[in-house]
file query_37.json (JSON, C-alpha atoms)
[["chain", "number", "residue", "atom", "x", "y", "z"],
["A", 37, "MET", "CA", 85.06, 4.93, -12.25],
["A", 38, "PHE", "CA", 81.35, 4.22, -12.43],
["A", 39, "LEU", "CA", 81.77, 2.33, -15.68],
["A", 40, "LYS", "CA", 82.94, -0.77, -13.86],
["A", 41, "PHE", "CA", 79.45, -1.20, -12.46],
["A", 42, "LEU", "CA", 77.99, -1.85, -15.88],
["A", 43, "ARG", "CA", 77.79, -5.45, -16.99],
["A", 44, "PRO", "CA", 77.43, -6.43, -20.66],
["A", 45, "GLY", "CA", 73.65, -6.64, -20.51],
["A", 46, "ASP", "CA", 73.53, -3.27, -18.77],
["A", 47, "TRP", "CA", 75.48, -1.72, -21.62],
["A", 48, "LEU", "CA", 73.03, -3.32, -24.03],
["A", 49, "LEU", "CA", 70.02, -1.96, -22.15],
["A", 50, "ALA", "CA", 71.54, 1.50, -21.79],
["A", 51, "GLY", "CA", 72.40, 1.55, -25.49],
["A", 52, "ALA", "CA", 68.94, 0.34, -26.50],
["A", 53, "GLY", "CA", 67.35, 2.95, -24.26],
["A", 54, "LEU", "CA", 69.50, 5.68, -25.75],
["A", 55, "VAL", "CA", 68.61, 4.61, -29.29],
["A", 56, "LEU", "CA", 64.91, 4.55, -28.39],
["A", 57, "VAL", "CA", 65.06, 8.01, -26.84],
["A", 58, "ALA", "CA", 67.10, 9.47, -29.70],
["A", 59, "GLY", "CA", 64.68, 7.95, -32.21],
["A", 60, "LEU", "CA", 61.72, 9.47, -30.41],
["A", 61, "TRP", "CA", 63.36, 12.89, -30.34],
["A", 62, "LEU", "CA", 64.07, 12.71, -34.06],
["A", 63, "ARG", "CA", 60.51, 11.63, -34.81],
["A", 64, "GLN", "CA", 59.30, 14.45, -32.61],
["A", 65, "ALA", "CA", 61.44, 16.98, -34.46],
["A", 66, "ASP", "CA", 59.89, 15.74, -37.69],
["A", 67, "SER", "CA", 56.35, 16.01, -36.47],
["A", 68, "LEU", "CA", 56.99, 19.43, -34.99],
["A", 69, "GLU", "CA", 57.78, 20.82, -38.42],
["A", 70, "GLY", "CA", 55.81, 24.03, -38.59],
["A", 71, "ARG", "CA", 52.55, 24.31, -40.43],
["A", 72, "VAL", "CA", 50.98, 27.44, -41.74],
["A", 73, "VAL", "CA", 47.23, 27.67, -41.57],
["A", 74, "ILE", "CA", 45.63, 30.31, -43.74],
["A", 75, "ARG", "CA", 42.02, 31.13, -43.11],
["A", 76, "LEU", "CA", 39.59, 33.12, -45.18],
["A", 77, "ASP", "CA", 36.37, 34.20, -43.53],
["A", 78, "GLY", "CA", 37.22, 31.96, -40.59],
["A", 79, "LYS", "CA", 37.35, 28.83, -42.72],
["A", 80, "VAL", "CA", 40.62, 27.08, -43.46],
["A", 81, "TYR", "CA", 41.65, 28.22, -46.91],
["A", 82, "GLN", "CA", 44.93, 26.40, -47.13],
["A", 83, "GLU", "CA", 47.41, 24.55, -44.94],
["A", 84, "ALA", "CA", 51.01, 24.73, -45.98],
["A", 85, "SER", "CA", 54.38, 23.55, -44.74],
["A", 86, "LEU", "CA", 56.96, 26.03, -43.53],
["A", 87, "ARG", "CA", 59.61, 24.10, -45.42],
["A", 88, "LEU", "CA", 58.50, 25.08, -48.88],
["A", 89, "ASN", "CA", 59.27, 28.63, -49.96],
["A", 90, "ARG", "CA", 56.42, 30.16, -51.89],
["A", 91, "ILE", "CA", 53.87, 32.92, -52.11],
["A", 92, "ILE", "CA", 50.24, 32.07, -51.54],
["A", 93, "GLU", "CA", 47.59, 34.42, -52.83],
["A", 94, "VAL", "CA", 44.27, 34.62, -51.11],
["A", 95, "ALA", "CA", 41.41, 36.51, -52.72],
["A", 96, "GLY", "CA", 39.49, 38.23, -49.95],
["A", 97, "PRO", "CA", 36.59, 40.70, -50.26],
["A", 98, "LEU", "CA", 38.98, 43.68, -50.65],
["A", 99, "GLY", "CA", 41.47, 42.07, -52.97],
["A", 100, "ILE", "CA", 44.41, 39.74, -52.91],
["A", 101, "SER", "CA", 46.50, 39.08, -49.83],
["A", 102, "ARG", "CA", 49.95, 37.70, -50.53],
["A", 103, "ILE", "CA", 51.37, 35.39, -47.91],
["A", 104, "GLU", "CA", 55.05, 34.66, -48.17],
["A", 105, "ILE", "CA", 56.73, 31.56, -46.81],
["A", 106, "SER", "CA", 60.47, 31.83, -46.92],
["A", 107, "ALA", "CA", 63.31, 30.08, -45.09],
["A", 108, "GLY", "CA", 60.99, 28.51, -42.52],
["A", 109, "ARG", "CA", 59.26, 31.80, -41.76],
["A", 110, "VAL", "CA", 55.93, 33.20, -42.78],
["A", 111, "ARG", "CA", 54.53, 36.70, -43.13],
["A", 112, "VAL", "CA", 51.87, 38.64, -44.91],
["A", 113, "ALA", "CA", 53.83, 40.29, -47.70],
["A", 114, "ALA", "CA", 51.03, 42.37, -49.14],
["A", 115, "ASP", "CA", 47.44, 43.03, -48.26],
["A", 116, "PRO", "CA", 44.81, 45.49, -49.40],
["A", 117, "SER", "CA", 43.66, 46.36, -45.88],
["A", 118, "PRO", "CA", 43.83, 50.11, -45.24],
["A", 119, "ARG", "CA", 45.97, 50.11, -42.09],
["A", 120, "GLN", "CA", 48.34, 47.31, -43.09],
["A", 121, "LEU", "CA", 48.45, 45.99, -39.56],
["A", 122, "CYS", "CA", 49.08, 42.40, -40.53],
["A", 123, "VAL", "CA", 51.78, 43.38, -43.01],
["A", 124, "ARG", "CA", 53.60, 45.57, -40.54],
["A", 125, "GLN", "CA", 53.54, 42.72, -38.06],
["A", 126, "GLY", "CA", 56.33, 41.20, -40.11],
["A", 127, "TRP", "CA", 57.45, 37.62, -39.71],
["A", 128, "ILE", "CA", 55.03, 35.66, -37.59],
["A", 129, "PRO", "CA", 56.68, 33.90, -34.66],
["A", 130, "PRO", "CA", 55.92, 30.21, -34.02],
["A", 131, "GLY", "CA", 52.55, 29.92, -32.37],
["A", 132, "GLY", "CA", 51.64, 33.45, -33.45],
["A", 133, "ALA", "CA", 49.16, 34.69, -36.00],
["A", 134, "ALA", "CA", 48.56, 37.69, -38.19],
["A", 135, "VAL", "CA", 45.03, 38.77, -38.94],
["A", 136, "CYS", "CA", 44.09, 41.02, -41.84],
["A", 137, "LEU", "CA", 40.64, 41.73, -40.56],
["A", 138, "PRO", "CA", 39.32, 43.99, -43.36],
["A", 139, "ASN", "CA", 40.23, 41.37, -45.93],
["A", 140, "ARG", "CA", 39.03, 38.50, -43.73],
["A", 141, "VAL", "CA", 42.34, 36.70, -43.95],
["A", 142, "SER", "CA", 44.29, 35.22, -41.08],
["A", 143, "VAL", "CA", 47.64, 33.47, -41.11],
["A", 144, "GLU", "CA", 48.69, 31.23, -38.29],
["A", 145, "ASN", "CA", 52.16, 29.89, -37.71],
["A", 146, "ALA", "CA", 50.95, 26.70, -36.12],
["A", 147, "ALA", "CA", 54.07, 25.39, -34.53],
["A", 148, "ALA", "CA", 53.04, 22.26, -32.69],
["A", 149, "GLY", "CA", 54.27, 23.30, -29.31],
["A", 150, "TYR", "CA", 52.99, 22.59, -25.85],
["A", 151, "ASP", "CA", 51.35, 25.21, -23.76],
["A", 152, "THR", "CA", 49.34, 25.13, -20.59],
["A", 153, "LEU", "CA", 46.18, 24.31, -22.50],
["A", 154, "ASN", "CA", 47.27, 21.20, -24.29],
["A", 155, "TYR", "CA", 49.89, 20.02, -21.84],
["B", 178, "MET", "CA", 43.10, -0.34, 33.19],
["B", 179, "THR", "CA", 42.62, -3.66, 31.50],
["B", 180, "PRO", "CA", 45.61, -4.70, 29.50],
["B", 181, "SER", "CA", 44.94, -4.86, 25.81],
["B", 182, "THR", "CA", 44.22, -8.32, 24.49],
["B", 183, "ILE", "CA", 45.58, -7.39, 21.11],
["B", 184, "GLU", "CA", 49.25, -7.88, 20.91],
["B", 185, "LEU", "CA", 51.18, -6.99, 17.80],
["B", 186, "ILE", "CA", 54.37, -8.90, 17.52],
["B", 187, "ALA", "CA", 56.88, -7.32, 15.21],
["B", 188, "SER", "CA", 59.29, -9.85, 13.84],
["B", 189, "ALA", "CA", 62.84, -8.97, 12.89],
["B", 190, "GLU", "CA", 61.69, -9.00, 9.29],
["B", 191, "ASP", "CA", 58.95, -6.49, 10.11],
["B", 192, "ARG", "CA", 61.45, -4.20, 11.76],
["B", 193, "ARG", "CA", 63.76, -4.45, 8.81],
["B", 194, "VAL", "CA", 60.95, -3.61, 6.37],
["B", 195, "ALA", "CA", 59.95, -0.67, 8.55],
["B", 196, "ALA", "CA", 63.49, 0.70, 8.74],
["B", 197, "LEU", "CA", 64.06, 0.35, 5.02],
["B", 198, "ALA", "CA", 60.68, 1.84, 4.20],
["B", 199, "ALA", "CA", 61.52, 4.76, 6.48],
["B", 200, "ALA", "CA", 64.69, 5.36, 4.50],
["B", 201, "ALA", "CA", 62.72, 5.27, 1.25],
["B", 202, "ILE", "CA", 60.06, 7.62, 2.63],
["B", 203, "GLY", "CA", 62.80, 9.98, 3.77],
["B", 204, "LEU", "CA", 64.22, 10.08, 0.26],
["B", 205, "THR", "CA", 60.74, 10.63, -1.21],
["B", 206, "LEU", "CA", 60.12, 13.59, 1.09],
["B", 207, "ALA", "CA", 63.56, 15.10, 0.52],
["B", 208, "GLU", "CA", 63.07, 14.74, -3.20],
["B", 209, "ALA", "CA", 59.68, 16.47, -3.06],
["B", 210, "ALA", "CA", 61.48, 19.54, -1.73],
["B", 211, "ILE", "CA", 63.69, 19.80, -4.80],
["B", 212, "PRO", "CA", 62.19, 22.28, -7.24],
["B", 213, "LEU", "CA", 61.96, 20.74, -10.69],
["B", 214, "PRO", "CA", 61.04, 22.61, -13.83],
["B", 215, "ILE", "CA", 58.72, 20.06, -15.40],
["B", 216, "PRO", "CA", 55.85, 18.39, -13.56],
["B", 217, "GLY", "CA", 56.12, 14.64, -13.67],
["B", 218, "ILE", "CA", 59.88, 14.44, -13.81],
["B", 219, "LYS", "CA", 61.73, 13.61, -10.63],
["B", 220, "PRO", "CA", 64.82, 11.59, -9.82],
["B", 221, "GLY", "CA", 62.98, 8.78, -8.00],
["B", 222, "LEU", "CA", 65.72, 8.38, -5.42],
["B", 223, "ALA", "CA", 63.54, 6.07, -3.32],
["B", 224, "ASN", "CA", 63.95, 3.48, -6.06],
["B", 225, "ILE", "CA", 67.57, 3.14, -4.99],
["B", 226, "VAL", "CA", 66.23, 1.69, -1.74],
["B", 227, "THR", "CA", 63.83, -0.63, -3.58],
["B", 228, "LEU", "CA", 66.61, -1.93, -5.78],
["B", 229, "LEU", "CA", 69.02, -2.31, -2.89],
["B", 230, "VAL", "CA", 66.44, -4.26, -0.88],
["B", 231, "LEU", "CA", 65.68, -6.40, -3.92],
["B", 232, "TYR", "CA", 69.33, -7.44, -4.12],
["B", 233, "ARG", "CA", 69.86, -7.84, -0.40],
["B", 234, "TYR", "CA", 66.60, -9.25, 0.91],
["B", 235, "GLY", "CA", 64.64, -10.45, -2.10],
["B", 236, "TRP", "CA", 61.58, -9.40, -4.02],
["B", 237, "ARG", "CA", 59.00, -9.83, -1.25],
["B", 238, "THR", "CA", 60.77, -7.40, 1.05],
["B", 239, "ALA", "CA", 61.33, -5.01, -1.83],
["B", 240, "ALA", "CA", 57.63, -5.06, -2.65],
["B", 241, "TRP", "CA", 56.76, -4.34, 0.99],
["B", 242, "VAL", "CA", 59.24, -1.47, 1.18],
["B", 243, "ALA", "CA", 58.06, 0.04, -2.11],
["B", 244, "GLY", "CA", 54.39, -0.34, -1.19],
["B", 245, "LEU", "CA", 54.84, 1.26, 2.21],
["B", 246, "ARG", "CA", 56.91, 4.04, 0.71],
["B", 247, "ILE", "CA", 54.23, 4.79, -1.89],
["B", 248, "VAL", "CA", 51.38, 4.88, 0.61],
["B", 249, "ALA", "CA", 53.19, 6.59, 3.49],
["B", 250, "GLY", "CA", 55.02, 9.01, 1.18],
["B", 251, "ALA", "CA", 51.69, 10.02, -0.35],
["B", 252, "LEU", "CA", 50.14, 10.43, 3.11],
["B", 253, "ALA", "CA", 53.01, 12.63, 4.24],
["B", 254, "LEU", "CA", 52.82, 14.76, 1.10],
["B", 255, "GLY", "CA", 49.04, 15.01, 1.24],
["B", 256, "GLN", "CA", 48.68, 13.17, -2.02],
["B", 257, "PHE", "CA", 46.95, 10.02, -0.80],
["B", 258, "LEU", "CA", 44.31, 8.86, -3.31],
["B", 259, "THR", "CA", 44.93, 11.84, -5.57],
["B", 260, "PRO", "CA", 45.90, 11.33, -9.21],
["B", 261, "ALA", "CA", 49.54, 11.80, -8.19],
["B", 262, "PHE", "CA", 49.21, 8.88, -5.79],
["B", 263, "LEU", "CA", 47.60, 6.68, -8.40],
["B", 264, "LEU", "CA", 50.37, 7.52, -10.84],
["B", 265, "SER", "CA", 52.96, 6.71, -8.23],
["B", 266, "LEU", "CA", 51.17, 3.45, -7.43],
["B", 267, "SER", "CA", 50.82, 2.33, -11.04],
["B", 268, "GLY", "CA", 54.47, 3.11, -11.75],
["B", 269, "GLY", "CA", 55.55, 1.34, -8.58],
["B", 270, "VAL", "CA", 53.50, -1.80, -9.25],
["B", 271, "ILE", "CA", 54.63, -2.18, -12.85],
["B", 272, "SER", "CA", 58.28, -1.61, -12.04],
["B", 273, "LEU", "CA", 58.06, -4.20, -9.27],
["B", 274, "VAL", "CA", 56.61, -6.68, -11.76],
["B", 275, "VAL", "CA", 59.41, -5.91, -14.19],
["B", 276, "LEU", "CA", 61.99, -6.25, -11.43],
["B", 277, "ALA", "CA", 60.53, -9.62, -10.39],
["B", 278, "VAL", "CA", 61.32, -10.87, -13.89],
["B", 279, "ALA", "CA", 64.58, -9.01, -14.32],
["B", 280, "ILE", "CA", 66.13, -10.21, -11.06],
["B", 281, "ARG", "CA", 66.11, -13.71, -12.58],
["B", 282, "PHE", "CA", 68.29, -12.57, -15.48],
["B", 283, "PRO", "CA", 71.82, -13.99, -15.29],
["B", 284, "PRO", "CA", 73.72, -11.73, -12.85],
["B", 285, "ARG", "CA", 76.86, -12.08, -14.91],
["B", 286, "TRP", "CA", 75.14, -10.10, -17.64],
["B", 287, "PHE", "CA", 72.68, -7.87, -15.87],
["B", 288, "GLY", "CA", 73.50, -5.81, -12.79],
["B", 289, "PRO", "CA", 71.67, -3.14, -10.82],
["B", 290, "VAL", "CA", 72.17, -0.57, -13.57],
["B", 291, "GLY", "CA", 70.32, -2.65, -16.15],
["B", 292, "LEU", "CA", 67.53, -3.46, -13.71],
["B", 293, "SER", "CA", 67.25, 0.18, -12.72],
["B", 294, "LEU", "CA", 66.93, 1.23, -16.36],
["B", 295, "LEU", "CA", 64.25, -1.39, -17.01],
["B", 296, "ALA", "CA", 62.35, -0.36, -13.89],
["B", 297, "ALA", "CA", 62.59, 3.33, -14.79],
["B", 298, "PHE", "CA", 61.20, 2.76, -18.28],
["B", 299, "ALA", "CA", 58.45, 0.50, -16.90],
["B", 300, "HIS", "CA", 57.64, 3.15, -14.31],
["B", 301, "ILE", "CA", 57.22, 6.03, -16.72],
["B", 302, "GLY", "CA", 55.57, 3.78, -19.30],
["B", 303, "ALA", "CA", 52.87, 2.75, -16.85],
["B", 304, "GLN", "CA", 52.36, 6.32, -15.70],
["B", 305, "LEU", "CA", 52.00, 7.67, -19.21],
["B", 306, "LEU", "CA", 49.57, 4.86, -19.98],
["B", 307, "VAL", "CA", 47.44, 5.77, -16.96],
["B", 308, "VAL", "CA", 47.54, 9.43, -17.94],
["B", 309, "ASP", "CA", 46.57, 8.61, -21.51],
["B", 310, "VAL", "CA", 43.80, 6.16, -20.70],
["B", 311, "TRP", "CA", 42.34, 7.66, -17.58],
["B", 312, "LEU", "CA", 43.54, 11.11, -16.52],
["B", 313, "LEU", "CA", 43.79, 12.99, -19.80],
["B", 314, "PRO", "CA", 42.18, 10.84, -22.47],
["B", 315, "GLY", "CA", 42.61, 12.35, -25.89],
["B", 316, "ALA", "CA", 45.53, 14.55, -24.96],
["B", 317, "SER", "CA", 48.55, 13.79, -27.06],
["B", 318, "ILE", "CA", 50.87, 11.99, -24.70],
["B", 319, "LEU", "CA", 52.96, 10.97, -27.68],
["B", 320, "GLY", "CA", 54.48, 14.42, -27.85],
["B", 321, "LEU", "CA", 55.75, 14.11, -24.29],
["B", 322, "LEU", "CA", 57.23, 10.68, -24.79],
["B", 323, "PRO", "CA", 60.77, 11.74, -25.78],
["B", 324, "LEU", "CA", 61.07, 14.09, -22.83],
["B", 325, "PHE", "CA", 59.85, 11.62, -20.23],
["B", 326, "LEU", "CA", 61.79, 8.68, -21.65],
["B", 327, "SER", "CA", 64.97, 10.77, -21.69],
["B", 328, "ALA", "CA", 64.41, 11.58, -18.06],
["B", 329, "ALA", "CA", 63.75, 7.92, -17.30],
["B", 330, "TRP", "CA", 66.99, 6.96, -19.02],
["B", 331, "ILE", "CA", 69.02, 9.46, -17.04],
["B", 332, "THR", "CA", 67.41, 8.77, -13.66],
["B", 333, "GLY", "CA", 67.41, 5.01, -14.25],
["B", 334, "LEU", "CA", 71.10, 5.09, -15.04],
["B", 335, "ALA", "CA", 71.94, 7.37, -12.12],
["B", 336, "ASN", "CA", 69.91, 5.38, -9.59],
["B", 337, "GLY", "CA", 71.33, 2.11, -10.90],
["B", 338, "LEU", "CA", 74.88, 3.42, -10.51],
["B", 339, "ALA", "CA", 74.10, 4.64, -7.01],
["B", 340, "THR", "CA", 72.69, 1.21, -6.12],
["B", 341, "ALA", "CA", 75.68, -0.59, -7.58],
["B", 342, "HIS", "CA", 77.98, 1.68, -5.62],
["B", 343, "LEU", "CA", 76.07, 1.12, -2.37],
["B", 344, "LEU", "CA", 76.00, -2.64, -2.87],
["B", 345, "LYS", "CA", 79.72, -2.67, -3.46],
["B", 346, "SER", "CA", 80.70, -0.31, -0.68],
["B", 347, "ASN", "CA", 78.59, -2.21, 1.88],
["B", 348, "PRO", "CA", 79.44, -5.81, 1.11],
["B", 349, "HIS", "CA", 78.27, -7.13, 4.46],
["B", 350, "PRO", "CA", 74.81, -5.86, 5.15],
["B", 351, "ALA", "CA", 74.66, -4.43, 8.60],
["B", 352, "GLU", "CA", 71.32, -5.15, 10.23],
["B", 353, "PRO", "CA", 69.39, -1.90, 10.00],
["B", 354, "ILE", "CA", 67.97, -2.48, 13.49],
["B", 355, "PRO", "CA", 70.41, -2.12, 16.37]]

call {"tool": "encode", "arguments": {"input": "query_37.json", "output": "structure tokens"}}
result
Amino acid sequence: MFLKFLRPGDWLLAGAGLVLVAGLWLRQADSLEGRVVIRLDGKVYQEASLRLNRIIEVAGPLGISRIEISAGRVRVAADPSPRQLCVRQGWIPPGGAAVCLPNRVSVENAAAGYDTLNY
Amino acid sequence: MTPSTIELIASAEDRRVAALAAAAIGLTLAEAAIPLPIPGIKPGLANIVTLLVLYRYGWRTAAWVAGLRIVAGALALGQFLTPAFLLSLSGGVISLVVLAVAIRFPPRWFGPVGLSLLAAFAHIGAQLLVVDVWLLPGASILGLLPLFLSAAWITGLANGLATAHLLKSNPHPAEPIP
């Protein structure tokens, strides 16, 4: 019943607005594609996309840490650290990080989300 | 007691502006009581009054009503001269400018719904610009754009439909002052 209030130009404007908004959401979804930031000794060792399945090997002071990216998730698959904390952490949630302190390796699932700090 | 030499004469037009602005302020206050999950998004119900006045009494009256609503609403909410007030002011001014242009569009093609949508987008556009340039320079406003523009689309459409309905259901404007 409300449709009768819309005149041709109104339809056009509403449609254009909808297209604009939908386009922005799609662009947003693209830019929010997760990134994985791997650090060695606090310095960025490699940045990778979550889209590409692969295993990244990082040679730390204790040995090689294997970081696995699979199906849009990331985890530390193997690490020479004695307590295996970062390995047992499993898949890293978006925005989370795993730190293999003895081997000086950290893996961050840097989902570009908004929190209270950057809002 | 000496009678005051200052005499303020309120014309019928003044009274009308005051009554309409009061309605808009009422809506602003009522709306402020609605809890909303995201800061910065609100329905903007007072814009229904602005749009209605624009159609019924012209742009000048609409500008008066909107201006009074922005200032008095901010005073009542304790937001006068705060960033929230400046955001409200910038959005209000830009949407009035847009409406001044849009009201000249052929009425056969563009009705209150189209004007409301344009005003809503202008409103949020100006506010995001102020936030980006002045309040939070460097913060990525771009990431918030889809969310705010979606809200503007929905509220613009809803307010426009409400205005169209009110214009239609009250074909003969009753004088707001008895």

call {"tool": "interface_residues", "arguments": {"input": "query_37.json", "of": "chain A", "to": "chain B", "cutoff": "8 Å", "atoms": "all atoms listed in the file", "output": "list of chain:residue names"}}
result
A:Phe38, A:Phe41, A:Leu42, A:Arg43, A:Pro44, A:Gly45, A:Asp46, A:Trp47, A:Leu49, A:Ala50, A:Gly53, A:Leu54, A:Val57, A:Ala58, A:Leu60, A:Trp61, A:Gln64, A:Asn154, A:Tyr155

call {"tool": "atom_distance", "arguments": {"input": "query_37.json", "atom1": "CA of Ala303 (chain B)", "atom2": "CA of Leu264 (chain B)"}}
result
8.1 Å

call {"tool": "atom_distance", "arguments": {"input": "query_37.json", "atom1": "CA of Val123 (chain A)", "atom2": "CA of Leu137 (chain A)"}}
result
11.5 Å

call {"tool": "residues_around", "arguments": {"input": "query_37.json", "residues": "Val80 (chain A)", "least_positions_apart": "6", "cutoff": "12 Å", "atoms": "only C-alpha atoms", "output": "list of chain:residue names"}}
result
A:Val72, A:Val73, A:Ile74, A:Val94, A:Arg140, A:Val141, A:Ser142, A:Val143, A:Glu144

call {"tool": "residues_around", "arguments": {"input": "query_37.json", "residues": "Ala198 (chain B)", "least_positions_apart": "5", "cutoff": "7 Å", "atoms": "only C-alpha atoms", "output": "JSON, numbers by chain"}}
result
{"B": [242, 245, 246]}

call {"tool": "residues_around", "arguments": {"input": "query_37.json", "residues": "Gly126 (chain A)", "least_positions_apart": "4", "cutoff": "8 Å", "atoms": "all atoms listed in the file", "output": "PDB file with C-alpha atoms, keeping the file's coordinate frame"}}
result
ATOM      1  CA  ARG A 111      54.530  36.700 -43.130  1.00  0.00           C
ATOM      2  CA  VAL A 112      51.870  38.640 -44.910  1.00  0.00           C
ATOM      3  CA  CYS A 122      49.080  42.400 -40.530  1.00  0.00           C
TER       4      CYS A 122
END

call {"tool": "atom_distance", "arguments": {"input": "query_37.json", "atom1": "CA of Ala207 (chain B)", "atom2": "CA of Asn224 (chain B)"}}
result
13.4 Å

call {"tool": "closest_residue", "arguments": {"input": "query_37.json", "among": "B:Val270, B:Ala277, B:Ile186, B:Leu197", "to": "Arg237 (chain B)", "atoms": "all atoms listed in the file"}}
result
B:Ala277

call {"tool": "closest_residue", "arguments": {"input": "query_37.json", "among": "A:Lys40, A:Arg87, A:Lys79, A:Arg102", "to": "Asp115 (chain A)", "atoms": "only C-alpha atoms"}}
result
A:Arg102

call {"tool": "residues_around", "arguments": {"input": "query_37.json", "residues": "Val110 (chain A)", "least_positions_apart": "3", "cutoff": "7 Å", "atoms": "only C-alpha atoms", "output": "PyMOL selection string"}}
result
chain A and resi 104-106+127-128

call {"tool": "residues_near_point", "arguments": {"input": "query_37.json", "point": "(69.3, 9.4, -7.7)", "cutoff": "6 Å", "atoms": "only C-alpha atoms", "output": "number ranges by chain"}}
result
B: 220, 222, 335-336

call {"tool": "build_atoms", "arguments": {"input": "query_37.json", "residues": "region 89-110 of chain A", "atoms": "N, CA and C atoms", "output": "PDB file, keeping the file's coordinate frame"}}
result
ATOM      1  N   ASN A  89      59.359  27.193 -49.704  1.00  0.00           N
ATOM      2  CA  ASN A  89      59.270  28.630 -49.960  1.00  0.00           C
ATOM      3  C   ASN A  89      58.265  28.893 -51.074  1.00  0.00           C
ATOM      4  N   ARG A  90      57.385  29.836 -50.843  1.00  0.00           N
ATOM      5  CA  ARG A  90      56.420  30.160 -51.890  1.00  0.00           C
ATOM      6  C   ARG A  90      55.586  31.359 -51.456  1.00  0.00           C
ATOM      7  N   ILE A  91      54.803  31.834 -52.409  1.00  0.00           N
ATOM      8  CA  ILE A  91      53.870  32.920 -52.110  1.00  0.00           C
ATOM      9  C   ILE A  91      52.464  32.405 -52.387  1.00  0.00           C
ATOM     10  N   ILE A  92      51.610  32.545 -51.397  1.00  0.00           N
ATOM     11  CA  ILE A  92      50.240  32.070 -51.540  1.00  0.00           C
ATOM     12  C   ILE A  92      49.337  33.292 -51.660  1.00  0.00           C
ATOM     13  N   GLU A  93      48.501  33.282 -52.642  1.00  0.00           N
ATOM     14  CA  GLU A  93      47.590  34.420 -52.830  1.00  0.00           C
ATOM     15  C   GLU A  93      46.187  34.020 -52.411  1.00  0.00           C
ATOM     16  N   VAL A  94      45.628  34.875 -51.594  1.00  0.00           N
ATOM     17  CA  VAL A  94      44.270  34.620 -51.110  1.00  0.00           C
ATOM     18  C   VAL A  94      43.402  35.786 -51.558  1.00  0.00           C
ATOM     19  N   ALA A  95      42.304  35.450 -52.238  1.00  0.00           N
ATOM     20  CA  ALA A  95      41.410  36.510 -52.720  1.00  0.00           C
ATOM     21  C   ALA A  95      40.338  36.762 -51.678  1.00  0.00           C
ATOM     22  N   GLY A  96      40.480  37.858 -50.948  1.00  0.00           N
ATOM     23  CA  GLY A  96      39.490  38.230 -49.950  1.00  0.00           C
ATOM     24  C   GLY A  96      38.516  39.237 -50.553  1.00  0.00           C
ATOM     25  N   PRO A  97      37.580  39.737 -49.748  1.00  0.00           N
ATOM     26  CA  PRO A  97      36.590  40.700 -50.260  1.00  0.00           C
ATOM     27  C   PRO A  97      37.223  42.003 -50.757  1.00  0.00           C
ATOM     28  N   LEU A  98      38.374  42.411 -50.218  1.00  0.00           N
ATOM     29  CA  LEU A  98      38.980  43.680 -50.650  1.00  0.00           C
ATOM     30  C   LEU A  98      39.973  43.500 -51.785  1.00  0.00           C
ATOM     31  N   GLY A  99      40.442  42.289 -51.949  1.00  0.00           N
ATOM     32  CA  GLY A  99      41.470  42.070 -52.970  1.00  0.00           C
ATOM     33  C   GLY A  99      42.325  40.889 -52.592  1.00  0.00           C
ATOM     34  N   ILE A 100      43.551  40.913 -53.108  1.00  0.00           N
ATOM     35  CA  ILE A 100      44.410  39.740 -52.910  1.00  0.00           C
ATOM     36  C   ILE A 100      45.418  39.988 -51.801  1.00  0.00           C
ATOM     37  N   SER A 101      45.451  39.055 -50.850  1.00  0.00           N
ATOM     38  CA  SER A 101      46.500  39.080 -49.830  1.00  0.00           C
ATOM     39  C   SER A 101      47.591  38.122 -50.274  1.00  0.00           C
ATOM     40  N   ARG A 102      48.841  38.586 -50.163  1.00  0.00           N
ATOM     41  CA  ARG A 102      49.950  37.700 -50.530  1.00  0.00           C
ATOM     42  C   ARG A 102      50.648  37.242 -49.263  1.00  0.00           C
ATOM     43  N   ILE A 103      50.713  35.945 -49.082  1.00  0.00           N
ATOM     44  CA  ILE A 103      51.370  35.390 -47.910  1.00  0.00           C
ATOM     45  C   ILE A 103      52.664  34.725 -48.351  1.00  0.00           C
ATOM     46  N   GLU A 104      53.751  35.144 -47.737  1.00  0.00           N
ATOM     47  CA  GLU A 104      55.050  34.660 -48.170  1.00  0.00           C
ATOM     48  C   GLU A 104      55.620  33.678 -47.146  1.00  0.00           C
ATOM     49  N   ILE A 105      56.019  32.521 -47.637  1.00  0.00           N
ATOM     50  CA  ILE A 105      56.730  31.560 -46.810  1.00  0.00           C
ATOM     51  C   ILE A 105      58.150  31.489 -47.327  1.00  0.00           C
ATOM     52  N   SER A 106      59.092  31.771 -46.462  1.00  0.00           N
ATOM     53  CA  SER A 106      60.470  31.830 -46.920  1.00  0.00           C
ATOM     54  C   SER A 106      61.412  31.422 -45.784  1.00  0.00           C
ATOM     55  N   ALA A 107      62.298  30.512 -46.058  1.00  0.00           N
ATOM     56  CA  ALA A 107      63.310  30.080 -45.090  1.00  0.00           C
ATOM     57  C   ALA A 107      62.703  29.706 -43.745  1.00  0.00           C
ATOM     58  N   GLY A 108      61.593  28.972 -43.769  1.00  0.00           N
ATOM     59  CA  GLY A 108      60.990  28.510 -42.520  1.00  0.00           C
ATOM     60  C   GLY A 108      60.246  29.584 -41.765  1.00  0.00           C
ATOM     61  N   ARG A 109      60.026  30.747 -42.433  1.00  0.00           N
ATOM     62  CA  ARG A 109      59.260  31.800 -41.760  1.00  0.00           C
ATOM     63  C   ARG A 109      58.050  32.136 -42.607  1.00  0.00           C
ATOM     64  N   VAL A 110      57.123  32.828 -42.021  1.00  0.00           N
ATOM     65  CA  VAL A 110      55.930  33.200 -42.780  1.00  0.00           C
ATOM     66  C   VAL A 110      55.525  34.619 -42.405  1.00  0.00           C
TER      67      VAL A 110
END
